[in-house]
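Containing mmCIF, C-alpha atoms and all ligand atoms: entry_29.cif.
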```
data_protein
#
loop_
_atom_site.group_PDB
_atom_site.id
_atom_site.type_symbol
_atom_site.label_atom_id
_atom_site.label_comp_id
_atom_site.auth_asym_id
_atom_site.auth_seq_id
_atom_site.Cartn_x
_atom_site.Cartn_y
_atom_site.Cartn_z
ATOM 1 C CA MET A 25 -1.468 2.487 -3.941
ATOM 2 C CA LYS A 26 -0.550 -0.787 -5.650
ATOM 3 C CA GLU A 27 0.702 -4.131 -4.421
ATOM 4 C CA LEU A 28 3.258 -6.121 -6.428
ATOM 5 C CA VAL A 29 3.960 -9.642 -5.154
ATOM 6 C CA VAL A 30 7.019 -11.594 -6.260
ATOM 7 C CA ILE A 31 6.658 -15.339 -5.796
ATOM 8 C CA SER A 32 8.169 -18.600 -6.988
ATOM 9 C CA GLY A 33 6.972 -22.184 -7.055
ATOM 10 C CA LYS A 34 9.675 -23.154 -4.567
ATOM 11 C CA GLY A 35 12.658 -21.653 -2.737
ATOM 12 C CA GLY A 36 16.038 -21.059 -4.393
ATOM 13 C CA THR A 37 14.910 -19.538 -7.699
ATOM 14 C CA GLY A 38 16.540 -16.186 -6.945
ATOM 15 C CA LYS A 39 13.259 -14.479 -6.039
ATOM 16 C CA THR A 40 14.700 -12.568 -3.089
ATOM 17 C CA SER A 41 17.680 -11.301 -5.121
ATOM 18 C CA ILE A 42 15.200 -9.869 -7.604
ATOM 19 C CA VAL A 43 13.094 -8.260 -4.871
ATOM 20 C CA ALA A 44 16.239 -6.746 -3.335
ATOM 21 C CA SER A 45 17.176 -5.237 -6.705
ATOM 22 C CA PHE A 46 13.626 -3.928 -7.176
ATOM 23 C CA SER A 47 13.978 -2.245 -3.791
ATOM 24 C CA THR A 48 17.048 -0.409 -5.096
ATOM 25 C CA LEU A 49 15.400 0.534 -8.398
ATOM 26 C CA SER A 50 12.049 1.740 -7.088
ATOM 27 C CA GLN A 51 11.127 4.964 -5.408
ATOM 28 C CA ARG A 52 8.265 5.719 -3.019
ATOM 29 C CA LYS A 53 7.510 2.205 -1.830
ATOM 30 C CA VAL A 54 7.283 -0.012 1.230
ATOM 31 C CA LEU A 55 8.856 -3.472 1.230
ATOM 32 C CA ALA A 56 7.086 -6.412 2.809
ATOM 33 C CA ASP A 57 8.932 -9.646 3.449
ATOM 34 C CA CYS A 58 6.235 -12.321 3.500
ATOM 35 C CA ASP A 59 8.687 -15.191 3.086
ATOM 36 C CA VAL A 60 8.472 -15.625 6.848
ATOM 37 C CA ASP A 61 10.035 -19.111 6.814
ATOM 38 C CA ALA A 62 13.215 -17.888 5.131
ATOM 39 C CA ALA A 63 13.238 -14.130 5.576
ATOM 40 C CA ASP A 64 16.419 -13.490 3.540
ATOM 41 C CA LEU A 65 15.619 -9.966 2.445
ATOM 42 C CA TRP A 66 16.747 -8.581 5.776
ATOM 43 C CA LEU A 67 20.182 -10.177 5.291
ATOM 44 C CA ILE A 68 20.685 -7.997 2.223
ATOM 45 C CA LEU A 69 18.963 -4.850 3.391
ATOM 46 C CA GLU A 70 20.161 -4.879 7.019
ATOM 47 C CA PRO A 71 17.091 -3.228 8.486
ATOM 48 C CA ARG A 72 17.207 -0.973 11.536
ATOM 49 C CA ILE A 73 14.242 -2.043 13.635
ATOM 50 C CA LEU A 74 11.990 0.852 14.658
ATOM 51 C CA ARG A 75 9.062 -1.121 16.045
ATOM 52 C CA ARG A 76 8.823 -4.728 17.274
ATOM 53 C CA GLU A 77 5.562 -6.546 18.115
ATOM 54 C CA SER A 78 4.647 -10.056 19.222
ATOM 55 C CA PHE A 79 2.587 -12.186 16.906
ATOM 56 C CA SER A 80 -0.044 -14.592 18.136
ATOM 57 C CA GLY A 81 -1.346 -17.157 15.659
ATOM 58 C CA GLY A 82 -4.193 -18.017 18.039
ATOM 59 C CA ARG A 83 -4.910 -19.814 21.269
ATOM 60 C CA ARG A 84 -4.019 -23.322 22.381
ATOM 61 C CA ALA A 85 -5.395 -25.432 25.178
ATOM 62 C CA GLN A 86 -3.258 -27.011 27.863
ATOM 63 C CA ILE A 87 -4.392 -29.152 30.786
ATOM 64 C CA ILE A 88 -3.312 -27.968 34.239
ATOM 65 C CA GLU A 89 -2.269 -31.386 35.474
ATOM 66 C CA LYS A 90 -2.744 -30.844 39.201
ATOM 67 C CA LYS A 91 -6.368 -29.762 38.721
ATOM 68 C CA CYS A 92 -7.520 -32.533 36.337
ATOM 69 C CA THR A 93 -9.992 -35.009 37.894
ATOM 70 C CA ALA A 94 -9.867 -37.305 34.832
ATOM 71 C CA CYS A 95 -13.579 -36.984 34.144
ATOM 72 C CA GLY A 96 -12.925 -37.341 30.396
ATOM 73 C CA LYS A 97 -15.327 -34.576 29.361
ATOM 74 C CA CYS A 98 -12.650 -32.735 27.357
ATOM 75 C CA GLN A 99 -11.809 -35.804 25.269
ATOM 76 C CA GLU A 100 -15.496 -36.377 24.612
ATOM 77 C CA VAL A 101 -16.027 -32.870 23.194
ATOM 78 C CA CYS A 102 -12.773 -32.426 21.221
ATOM 79 C CA ARG A 103 -13.573 -32.871 17.537
ATOM 80 C CA PHE A 104 -9.884 -32.930 16.594
ATOM 81 C CA ASP A 105 -8.821 -36.003 18.601
ATOM 82 C CA ALA A 106 -6.194 -33.891 20.302
ATOM 83 C CA ILE A 107 -6.785 -35.257 23.799
ATOM 84 C CA SER A 108 -5.540 -38.569 25.142
ATOM 85 C CA PHE A 109 -5.738 -40.298 28.500
ATOM 86 C CA ASP A 110 -2.004 -40.582 29.094
ATOM 87 C CA GLY A 111 -1.090 -37.674 31.360
ATOM 88 C CA SER A 112 0.796 -38.050 34.663
ATOM 89 C CA ALA A 113 -0.777 -38.819 38.030
ATOM 90 C CA ASN A 114 -1.693 -36.045 40.443
ATOM 91 C CA SER A 115 -2.887 -36.007 44.057
ATOM 92 C CA LEU A 116 -6.460 -36.729 42.879
ATOM 93 C CA VAL A 117 -6.138 -39.443 40.212
ATOM 94 C CA LYS A 118 -3.652 -42.028 38.949
ATOM 95 C CA ARG A 119 -3.773 -40.722 35.386
ATOM 96 C CA THR A 120 -4.792 -37.419 33.875
ATOM 97 C CA TYR A 121 -5.689 -36.314 30.365
ATOM 98 C CA ARG A 122 -3.196 -34.621 28.024
ATOM 99 C CA ILE A 123 -3.584 -32.349 24.993
ATOM 100 C CA ASP A 124 -1.302 -32.801 21.997
ATOM 101 C CA PRO A 125 -0.229 -29.230 21.058
ATOM 102 C CA ILE A 126 0.207 -30.226 17.406
ATOM 103 C CA ASP A 127 -3.291 -31.645 17.007
ATOM 104 C CA CYS A 128 -4.987 -28.883 19.019
ATOM 105 C CA GLU A 129 -6.783 -26.467 16.695
ATOM 106 C CA GLY A 130 -7.443 -23.956 19.466
ATOM 107 C CA CYS A 131 -11.240 -24.056 19.287
ATOM 108 C CA GLY A 132 -11.570 -23.723 23.075
ATOM 109 C CA VAL A 133 -14.472 -26.170 23.458
ATOM 110 C CA CYS A 134 -12.610 -28.337 25.987
ATOM 111 C CA ALA A 135 -11.828 -25.338 28.204
ATOM 112 C CA TYR A 136 -15.466 -24.293 28.073
ATOM 113 C CA PHE A 137 -16.746 -27.724 29.162
ATOM 114 C CA CYS A 138 -14.106 -28.705 31.723
ATOM 115 C CA PRO A 139 -16.030 -28.827 35.034
ATOM 116 C CA ASP A 140 -12.911 -28.232 37.113
ATOM 117 C CA GLY A 141 -11.346 -25.228 35.412
ATOM 118 C CA ALA A 142 -8.367 -27.470 34.603
ATOM 119 C CA ILE A 143 -7.716 -26.232 31.067
ATOM 120 C CA ASP A 144 -5.627 -23.212 30.356
ATOM 121 C CA PHE A 145 -6.633 -21.493 27.107
ATOM 122 C CA GLN A 146 -4.151 -18.713 26.451
ATOM 123 C CA GLU A 147 -2.950 -16.777 23.434
ATOM 124 C CA GLN A 148 0.254 -18.348 22.103
ATOM 125 C CA ILE A 149 3.112 -16.125 21.016
ATOM 126 C CA ASN A 150 4.323 -17.672 17.756
ATOM 127 C CA GLY A 151 6.685 -15.032 16.471
ATOM 128 C CA GLU A 152 7.412 -11.342 16.043
ATOM 129 C CA TRP A 153 6.896 -8.733 13.369
ATOM 130 C CA PHE A 154 8.828 -5.547 12.768
ATOM 131 C CA ILE A 155 8.693 -2.181 11.080
ATOM 132 C CA SER A 156 12.191 -1.188 10.020
ATOM 133 C CA GLU A 157 14.106 1.376 8.068
ATOM 134 C CA THR A 158 16.504 0.186 5.361
ATOM 135 C CA ARG A 159 18.789 2.042 2.965
ATOM 136 C CA ASN A 160 16.118 1.330 0.317
ATOM 137 C CA GLY A 161 13.145 2.558 2.327
ATOM 138 C CA PRO A 162 10.754 1.258 4.965
ATOM 139 C CA MET A 163 10.203 -2.464 5.388
ATOM 140 C CA VAL A 164 7.780 -4.688 7.292
ATOM 141 C CA HIS A 165 9.046 -8.159 8.112
ATOM 142 C CA ALA A 166 8.536 -10.993 10.565
ATOM 143 C CA LYS A 167 10.105 -13.940 12.276
ATOM 144 C CA LEU A 168 8.323 -17.130 13.272
ATOM 145 C CA GLY A 169 9.270 -18.855 16.517
ATOM 146 C CA ILE A 170 11.408 -21.999 16.320
ATOM 147 C CA ALA A 171 9.362 -25.025 15.170
ATOM 148 C CA GLU A 172 6.311 -22.866 14.507
ATOM 149 C CA GLU A 173 4.559 -23.620 11.273
ATOM 150 C CA ASN A 174 4.578 -21.049 8.520
ATOM 151 C CA SER A 175 1.477 -19.057 9.073
ATOM 152 C CA GLY A 176 -0.847 -17.487 6.536
ATOM 153 C CA LYS A 177 -2.048 -15.294 9.368
ATOM 154 C CA LEU A 178 1.414 -13.791 9.896
ATOM 155 C CA VAL A 179 1.769 -13.200 6.145
ATOM 156 C CA SER A 180 -1.582 -11.381 6.089
ATOM 157 C CA LEU A 181 -0.510 -9.293 9.056
ATOM 158 C CA VAL A 182 2.778 -8.264 7.388
ATOM 159 C CA ARG A 183 0.871 -7.281 4.231
ATOM 160 C CA LYS A 184 -1.709 -5.303 6.170
ATOM 161 C CA GLU A 185 0.925 -3.409 8.150
ATOM 162 C CA ALA A 186 2.936 -2.680 4.984
ATOM 163 C CA LYS A 187 -0.182 -1.238 3.361
ATOM 164 C CA HIS A 188 -0.881 0.880 6.435
ATOM 165 C CA LEU A 189 2.645 2.188 6.409
ATOM 166 C CA ALA A 190 2.460 3.063 2.700
ATOM 167 C CA GLU A 191 -0.814 4.936 3.280
ATOM 168 C CA GLU A 192 0.590 6.728 6.303
ATOM 169 C CA LYS A 193 3.688 7.851 4.384
ATOM 170 C CA GLY A 194 1.774 8.631 1.184
ATOM 171 C CA LEU A 195 3.750 6.048 -0.819
ATOM 172 C CA ASP A 196 2.383 4.489 -4.016
ATOM 173 C CA LEU A 197 3.646 0.931 -3.971
ATOM 174 C CA VAL A 198 4.132 -2.118 -1.744
ATOM 175 C CA ILE A 199 6.647 -4.676 -3.034
ATOM 176 C CA ILE A 200 6.056 -8.039 -1.420
ATOM 177 C CA ASP A 201 8.581 -10.867 -1.250
ATOM 178 C CA GLY A 202 5.995 -13.651 -1.200
ATOM 179 C CA SER A 203 6.118 -17.096 0.350
ATOM 180 C CA PRO A 204 7.195 -19.948 -1.912
ATOM 181 C CA GLY A 205 4.992 -22.910 -2.810
ATOM 182 C CA ILE A 206 1.246 -23.004 -3.321
ATOM 183 C CA GLY A 207 0.032 -23.477 0.245
ATOM 184 C CA CYS A 208 -1.824 -21.223 2.648
ATOM 185 C CA PRO A 209 1.028 -18.668 3.135
ATOM 186 C CA VAL A 210 1.358 -18.035 -0.601
ATOM 187 C CA ILE A 211 -2.404 -17.641 -0.946
ATOM 188 C CA ALA A 212 -2.215 -15.106 1.883
ATOM 189 C CA SER A 213 0.641 -13.383 -0.002
ATOM 190 C CA VAL A 214 -1.200 -12.947 -3.306
ATOM 191 C CA THR A 215 -4.944 -12.558 -2.719
ATOM 192 C CA GLY A 216 -6.146 -9.117 -3.716
ATOM 193 C CA ALA A 217 -2.731 -8.044 -5.111
ATOM 194 C CA ASP A 218 -2.538 -5.866 -8.232
ATOM 195 C CA LEU A 219 0.147 -7.946 -9.918
ATOM 196 C CA VAL A 220 2.022 -11.177 -9.266
ATOM 197 C CA LEU A 221 5.464 -11.710 -10.759
ATOM 198 C CA VAL A 222 6.394 -15.397 -10.770
ATOM 199 C CA VAL A 223 10.129 -16.085 -10.802
ATOM 200 C CA THR A 224 11.002 -19.436 -12.294
ATOM 201 C CA GLU A 225 14.138 -21.194 -13.476
ATOM 202 C CA PRO A 226 14.723 -23.280 -16.616
ATOM 203 C CA THR A 227 14.358 -26.761 -15.174
ATOM 204 C CA LEU A 228 11.536 -29.246 -15.559
ATOM 205 C CA SER A 229 10.596 -28.821 -11.914
ATOM 206 C CA GLY A 230 10.706 -25.031 -12.394
ATOM 207 C CA GLN A 231 8.308 -25.392 -15.308
ATOM 208 C CA HIS A 232 6.012 -27.645 -13.293
ATOM 209 C CA ASP A 233 6.052 -25.276 -10.293
ATOM 210 C CA LEU A 234 5.310 -22.323 -12.553
ATOM 211 C CA GLU A 235 2.273 -24.101 -13.979
ATOM 212 C CA ARG A 236 0.933 -24.839 -10.484
ATOM 213 C CA VAL A 237 1.458 -21.264 -9.322
ATOM 214 C CA ALA A 238 -0.119 -19.869 -12.488
ATOM 215 C CA LYS A 239 -3.202 -22.038 -11.876
ATOM 216 C CA LEU A 240 -3.405 -20.665 -8.362
ATOM 217 C CA THR A 241 -3.228 -16.998 -9.404
ATOM 218 C CA ALA A 242 -5.693 -17.649 -12.253
ATOM 219 C CA HIS A 243 -8.071 -19.189 -9.724
ATOM 220 C CA PHE A 244 -7.943 -15.987 -7.667
ATOM 221 C CA GLY A 245 -8.131 -13.801 -10.783
ATOM 222 C CA ILE A 246 -4.839 -11.989 -10.094
ATOM 223 C CA PRO A 247 -2.941 -10.526 -13.088
ATOM 224 C CA THR A 248 0.284 -12.508 -13.413
ATOM 225 C CA VAL A 249 3.553 -12.111 -15.312
ATOM 226 C CA VAL A 250 6.633 -14.310 -15.418
ATOM 227 C CA CYS A 251 10.408 -13.947 -15.157
ATOM 228 C CA ILE A 252 12.786 -16.735 -16.192
ATOM 229 C CA ASN A 253 15.834 -16.460 -13.995
ATOM 230 C CA LYS A 254 19.186 -17.965 -15.106
ATOM 231 C CA TYR A 255 17.512 -18.568 -18.476
ATOM 232 C CA ASP A 256 20.799 -19.263 -20.279
ATOM 233 C CA LEU A 257 21.553 -22.325 -18.115
ATOM 234 C CA ASN A 258 19.075 -24.280 -20.235
ATOM 235 C CA PRO A 259 17.909 -22.324 -23.304
ATOM 236 C CA GLU A 260 15.732 -25.223 -24.507
ATOM 237 C CA VAL A 261 13.675 -25.460 -21.334
ATOM 238 C CA SER A 262 13.554 -21.634 -21.219
ATOM 239 C CA ALA A 263 12.037 -21.613 -24.701
ATOM 240 C CA THR A 264 9.476 -24.251 -23.686
ATOM 241 C CA ILE A 265 8.559 -22.278 -20.555
ATOM 242 C CA GLU A 266 8.174 -19.131 -22.631
ATOM 243 C CA ALA A 267 5.935 -20.883 -25.161
ATOM 244 C CA ARG A 268 3.784 -22.567 -22.489
ATOM 245 C CA THR A 269 3.476 -19.309 -20.549
ATOM 246 C CA GLU A 270 2.192 -17.480 -23.613
ATOM 247 C CA GLU A 271 -0.176 -20.346 -24.454
ATOM 248 C CA ALA A 272 -1.612 -19.902 -20.967
ATOM 249 C CA GLY A 273 -2.223 -16.208 -21.766
ATOM 250 C CA LEU A 274 0.563 -14.926 -19.514
ATOM 251 C CA LYS A 275 3.529 -12.815 -20.485
ATOM 252 C CA VAL A 276 7.228 -13.378 -19.842
ATOM 253 C CA VAL A 277 8.271 -9.849 -18.846
ATOM 254 C CA GLY A 278 11.932 -10.600 -18.318
ATOM 255 C CA LYS A 279 14.742 -13.111 -18.630
ATOM 256 C CA VAL A 280 17.758 -12.804 -16.381
ATOM 257 C CA ILE A 281 21.127 -14.302 -17.238
ATOM 258 C CA TYR A 282 23.002 -16.572 -14.800
ATOM 259 C CA ASP A 283 25.880 -14.750 -13.145
ATOM 260 C CA PRO A 284 27.911 -15.760 -10.056
ATOM 261 C CA ALA A 285 27.838 -12.044 -9.159
ATOM 262 C CA VAL A 286 24.328 -12.686 -7.771
ATOM 263 C CA THR A 287 25.750 -14.887 -4.995
ATOM 264 C CA LYS A 288 28.680 -12.526 -4.475
ATOM 265 C CA ALA A 289 26.231 -9.623 -4.073
ATOM 266 C CA GLN A 290 24.360 -11.587 -1.407
ATOM 267 C CA ILE A 291 27.587 -12.297 0.464
ATOM 268 C CA MET A 292 28.418 -8.586 0.307
ATOM 269 C CA ARG A 293 24.885 -7.798 1.559
ATOM 270 C CA ALA A 294 24.138 -5.814 -1.574
ATOM 271 C CA SER A 295 21.399 -6.084 -4.158
ATOM 272 C CA VAL A 296 22.592 -7.235 -7.582
ATOM 273 C CA VAL A 297 22.061 -3.810 -9.153
ATOM 274 C CA GLU A 298 24.005 -2.197 -6.310
ATOM 275 C CA TYR A 299 26.835 -4.692 -6.686
ATOM 276 C CA THR A 300 27.385 -4.880 -10.425
ATOM 277 C CA GLY A 301 26.715 -2.989 -13.633
ATOM 278 C CA GLY A 302 27.008 -6.152 -15.754
ATOM 279 C CA LYS A 303 24.488 -7.842 -18.029
ATOM 280 C CA VAL A 304 22.703 -9.475 -15.096
ATOM 281 C CA ALA A 305 21.989 -6.021 -13.645
ATOM 282 C CA GLU A 306 20.811 -4.783 -17.060
ATOM 283 C CA ASP A 307 18.455 -7.777 -17.293
ATOM 284 C CA ILE A 308 17.007 -7.030 -13.861
ATOM 285 C CA LYS A 309 16.567 -3.341 -14.731
ATOM 286 C CA SER A 310 14.715 -4.317 -17.893
ATOM 287 C CA LEU A 311 12.590 -6.782 -15.881
ATOM 288 C CA TRP A 312 11.751 -3.971 -13.454
ATOM 289 C CA ARG A 313 10.680 -1.591 -16.262
ATOM 290 C CA HIS A 314 8.440 -4.235 -17.849
ATOM 291 C CA THR A 315 6.962 -5.200 -14.486
ATOM 292 C CA VAL A 316 6.122 -1.570 -13.715
ATOM 293 C CA TYR A 317 4.518 -1.294 -17.122
ATOM 294 C CA ALA A 318 2.404 -4.419 -16.440
ATOM 295 C CA LEU A 319 1.420 -2.986 -13.055
ATOM 296 C CA GLY A 320 -0.120 -0.043 -14.922
HETATM 297 S S1 LIG A 401 -12.522 -32.036 31.355
HETATM 298 FE FE1 LIG A 401 -11.052 -31.096 32.729
HETATM 299 S S2 LIG A 401 -11.047 -32.343 34.567
HETATM 300 FE FE2 LIG A 401 -12.082 -33.502 32.966
HETATM 301 S S3 LIG A 401 -10.440 -34.752 32.102
HETATM 302 FE FE3 LIG A 401 -10.529 -32.921 30.883
HETATM 303 S S4 LIG A 401 -9.069 -31.535 31.846
HETATM 304 FE FE4 LIG A 401 -9.449 -33.182 33.291
HETATM 305 S S1 LIG A 402 -9.027 -26.399 22.112
HETATM 306 FE FE1 LIG A 402 -10.390 -27.553 20.759
HETATM 307 S S2 LIG A 402 -8.971 -28.683 19.475
HETATM 308 FE FE2 LIG A 402 -7.775 -28.024 21.220
HETATM 309 S S3 LIG A 402 -7.904 -29.695 22.627
HETATM 310 FE FE3 LIG A 402 -9.546 -28.308 23.165
HETATM 311 S S4 LIG A 402 -11.336 -29.059 22.084
HETATM 312 FE FE4 LIG A 402 -9.538 -30.038 21.176
#
```
Take the structure from the file and write it as structure tokens.
Amino acid sequence: MKELVVISGKGGTGKTSIVASFSTLSQRKVLADCDVDAADLWLILEPRILRRESFSGGRRAQIIEKKCTACGKCQEVCRFDAISFDGSANSLVKRTYRIDPIDCEGCGVCAYFCPDGAIDFQEQINGEWFISETRNGPMVHAKLGIAEENSGKLVSLVRKEAKHLAEEKGLDLVIIDGSPGIGCPVIASVTGADLVLVVTEPTLSGQHDLERVAKLTAHFGIPTVVCINKYDLNPEVSATIEARTEEAGLKVVGKVIYDPAVTKAQIMRASVVEYTGGKVAEDIKSLWRHTVYALG
């Protein structure tokens, strides 16, 4: 079983449209939507949820105000400066301590040392993940809670469950819609994958983002190929990207023309290759064939 991850240096390059088309073109695969901040794939594929689970990114500490005796032990032991002496009064003291949920790293040391059992240290539910059926096959996807940070842990979980599902169903491939950027979630999306396809666009920032992403995948030793989306919008920059990519030892496996049909397909909740038979669809089909070839 192989894992193909489609990523981009930033959002808005058309990565998800390409993944949606791949889902139409491929057989015997599981889809994994690891773009958990902007999980757009489900908008196109309209999944029917078969299983729904809570996701916990870890524990967080919270002071139970009425029990706090303001001894200050918790602040003394917290290495992350997450505790301040500005909580409300209770029946015991005029001021209590307070934990900032953003600064708390969930190490649990304060709860361990609190002499009065005044710190609650519970698992936090940060989101949900799902196993669904779509018209293009099974899909694992997730949703982070409002104001929760994008989590590498949730991305890893989605990948692991997608792999499980593929093994269980005897399928050969997992296609992953990866997180954008170069931070922790994208690292969680690509590590250990068989092939990364980077989708870029012909702008200077697209070129810059591609170079950063390519450095990242090279660092982790993951075979990487490139697609230039909307290449005809700026043929000069496209040519530069192509040349630089090859200089870096990577291959451009496809170039996809700009076509407003891509947006129309999204509005109609269809993948591009489902929606149109035009040149853009031909480009994506060719990209798919070359990507499969690179996957081996
Ligand atoms: S260690 Fe416990 S009792 Fe002491 S200040 Fe912190 S929360 Fe309050
Ligand atoms: S759990 Fe750890 S990081 Fe959070 S407040 Fe307690 S000691 Fe600080």
What residues have any atom no more than 7 Å from ligand LIG 402 (chain A) when counting all atoms listed in the file, and can you list them as a PDB file with C-alpha atoms, keeping the file's coordinate frame?
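And here's part22.pdb as it stands now:
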```pdb
ATOM      1  CA  ARG A  84      -4.019 -23.322  22.381  1.00  0.00           C
ATOM      2  CA  ALA A  85      -5.395 -25.432  25.178  1.00  0.00           C
ATOM      3  CA  CYS A  98     -12.650 -32.735  27.357  1.00  0.00           C
ATOM      4  CA  VAL A 101     -16.027 -32.870  23.194  1.00  0.00           C
ATOM      5  CA  CYS A 102     -12.773 -32.426  21.221  1.00  0.00           C
ATOM      6  CA  ARG A 103     -13.573 -32.871  17.537  1.00  0.00           C
ATOM      7  CA  PHE A 104      -9.884 -32.930  16.594  1.00  0.00           C
ATOM      8  CA  ASP A 105      -8.821 -36.003  18.601  1.00  0.00           C
ATOM      9  CA  ALA A 106      -6.194 -33.891  20.302  1.00  0.00           C
ATOM     10  CA  ILE A 107      -6.785 -35.257  23.799  1.00  0.00           C
ATOM     11  CA  ILE A 123      -3.584 -32.349  24.993  1.00  0.00           C
ATOM     12  CA  ASP A 127      -3.291 -31.645  17.007  1.00  0.00           C
ATOM     13  CA  CYS A 128      -4.987 -28.883  19.019  1.00  0.00           C
ATOM     14  CA  GLU A 129      -6.783 -26.467  16.695  1.00  0.00           C
ATOM     15  CA  GLY A 130      -7.443 -23.956  19.466  1.00  0.00           C
ATOM     16  CA  CYS A 131     -11.240 -24.056  19.287  1.00  0.00           C
ATOM     17  CA  GLY A 132     -11.570 -23.723  23.075  1.00  0.00           C
ATOM     18  CA  VAL A 133     -14.472 -26.170  23.458  1.00  0.00           C
ATOM     19  CA  CYS A 134     -12.610 -28.337  25.987  1.00  0.00           C
ATOM     20  CA  ALA A 135     -11.828 -25.338  28.204  1.00  0.00           C
TER      21      ALA A 135
END
```
Practice problem: Identify all residues satisfying the PyMOL selection byres (((not hetatm)) within 6 of (chain A and resi 401)) in the given file; provide them as a list in words. | Solution: Ile87, Cys92, Thr93, Ala94, Cys95, Gly96, Lys97, Cys98, Tyr121, Cys138, Pro139, Asp140, Ala142 and Ile143 of chain A
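When only C-alpha atoms are used to measure the gap to Glu306 (chain A), the shortest distance among A:Gln99, A:Gln148, A:Ser45, A:Ser108 belongs to A:Ser45.
Considering the residues A:Thr224, A:Gln146, A:Asn258, A:Ser80 and counting all atoms listed in the file, Leu181 (chain A) has its shortest atom-to-atom contact with A:Ser80.
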Exercise. Pull out every residue that the PyMOL selection byres (((chain A and resi 249) around 8) and not hetatm) matches in the shown coordinates and put them as a ChimeraX atom specification.
Key: /A:219-222,247-248,250-251,274-277,315,318
Exercise. Quote the spacing between CA of Val179 (chain A) and CA of Leu195 (chain A) in Å to one decimal place.
Key: 20.6 Å
Quiz item: CA of Val223 (chain A) to CA of Thr264 (chain A): how many Å, to one decimal?
Solution: 15.3 Å
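The environment of Gly169 (chain A) within 9 Å, counting only C-alpha atoms and disregarding residues fewer than 5 places along the same chain, consists of Ile149, Asn150, Gly151 and Glu152 of chain A.
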Practice problem: Determine, counting only C-alpha atoms, which protein, DNA and RNA residues have an atom within 10 Å of an atom of Ala305 (chain A); residues of the same chain fewer than 4 positions away are not included. Present the result as a PyMOL selection string. | Solution: chain A and resi 42+45+280-281+283+285-286+295-301+309-311
Would you write out those residues with C-alpha atoms, as a compact mmCIF listing (two decimals), in the frame of the given file?
```txt
# COMPACT_ATOMS: atom_id res chain seq x y z
CA ILE A 42 15.20 -9.87 -7.60
CA SER A 45 17.18 -5.24 -6.70
CA VAL A 280 17.76 -12.80 -16.38
CA ILE A 281 21.13 -14.30 -17.24
CA ASP A 283 25.88 -14.75 -13.14
CA ALA A 285 27.84 -12.04 -9.16
CA VAL A 286 24.33 -12.69 -7.77
CA SER A 295 21.40 -6.08 -4.16
CA VAL A 296 22.59 -7.24 -7.58
CA VAL A 297 22.06 -3.81 -9.15
CA GLU A 298 24.00 -2.20 -6.31
CA TYR A 299 26.84 -4.69 -6.69
CA THR A 300 27.38 -4.88 -10.42
CA GLY A 301 26.72 -2.99 -13.63
CA LYS A 309 16.57 -3.34 -14.73
CA SER A 310 14.72 -4.32 -17.89
CA LEU A 311 12.59 -6.78 -15.88
```
Practice problem: May I ask for the distance between CA of Glu157 (chain A) and CA of Ile73 (chain A), given in Å to one decimal place? | Solution: 6.5 Å
Name the residues, using the chain letters and numbers of the file, that sit within 10 Å of (6.4, -7.1, 7.9) when counting only C-alpha atoms, and give them as a PDB file with C-alpha atoms, in the frame of the given file.
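This is the output file result.pdb:
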```
ATOM      1  CA  VAL A  54       7.283  -0.012   1.230  1.00  0.00           C
ATOM      2  CA  LEU A  55       8.856  -3.472   1.230  1.00  0.00           C
ATOM      3  CA  ALA A  56       7.086  -6.412   2.809  1.00  0.00           C
ATOM      4  CA  ASP A  57       8.932  -9.646   3.449  1.00  0.00           C
ATOM      5  CA  CYS A  58       6.235 -12.321   3.500  1.00  0.00           C
ATOM      6  CA  ASP A  59       8.687 -15.191   3.086  1.00  0.00           C
ATOM      7  CA  VAL A  60       8.472 -15.625   6.848  1.00  0.00           C
ATOM      8  CA  ARG A  76       8.823  -4.728  17.274  1.00  0.00           C
ATOM      9  CA  GLU A 152       7.412 -11.342  16.043  1.00  0.00           C
ATOM     10  CA  TRP A 153       6.896  -8.733  13.369  1.00  0.00           C
ATOM     11  CA  PHE A 154       8.828  -5.547  12.768  1.00  0.00           C
ATOM     12  CA  ILE A 155       8.693  -2.181  11.080  1.00  0.00           C
ATOM     13  CA  SER A 156      12.191  -1.188  10.020  1.00  0.00           C
ATOM     14  CA  PRO A 162      10.754   1.258   4.965  1.00  0.00           C
ATOM     15  CA  MET A 163      10.203  -2.464   5.388  1.00  0.00           C
ATOM     16  CA  VAL A 164       7.780  -4.688   7.292  1.00  0.00           C
ATOM     17  CA  HIS A 165       9.046  -8.159   8.112  1.00  0.00           C
ATOM     18  CA  ALA A 166       8.536 -10.993  10.565  1.00  0.00           C
ATOM     19  CA  LYS A 167      10.105 -13.940  12.276  1.00  0.00           C
ATOM     20  CA  LEU A 178       1.414 -13.791   9.896  1.00  0.00           C
ATOM     21  CA  VAL A 179       1.769 -13.200   6.145  1.00  0.00           C
ATOM     22  CA  SER A 180      -1.582 -11.381   6.089  1.00  0.00           C
ATOM     23  CA  LEU A 181      -0.510  -9.293   9.056  1.00  0.00           C
ATOM     24  CA  VAL A 182       2.778  -8.264   7.388  1.00  0.00           C
ATOM     25  CA  ARG A 183       0.871  -7.281   4.231  1.00  0.00           C
ATOM     26  CA  LYS A 184      -1.709  -5.303   6.170  1.00  0.00           C
ATOM     27  CA  GLU A 185       0.925  -3.409   8.150  1.00  0.00           C
ATOM     28  CA  ALA A 186       2.936  -2.680   4.984  1.00  0.00           C
ATOM     29  CA  LYS A 187      -0.182  -1.238   3.361  1.00  0.00           C
ATOM     30  CA  ILE A 200       6.056  -8.039  -1.420  1.00  0.00           C
TER      31      ILE A 200
END
```
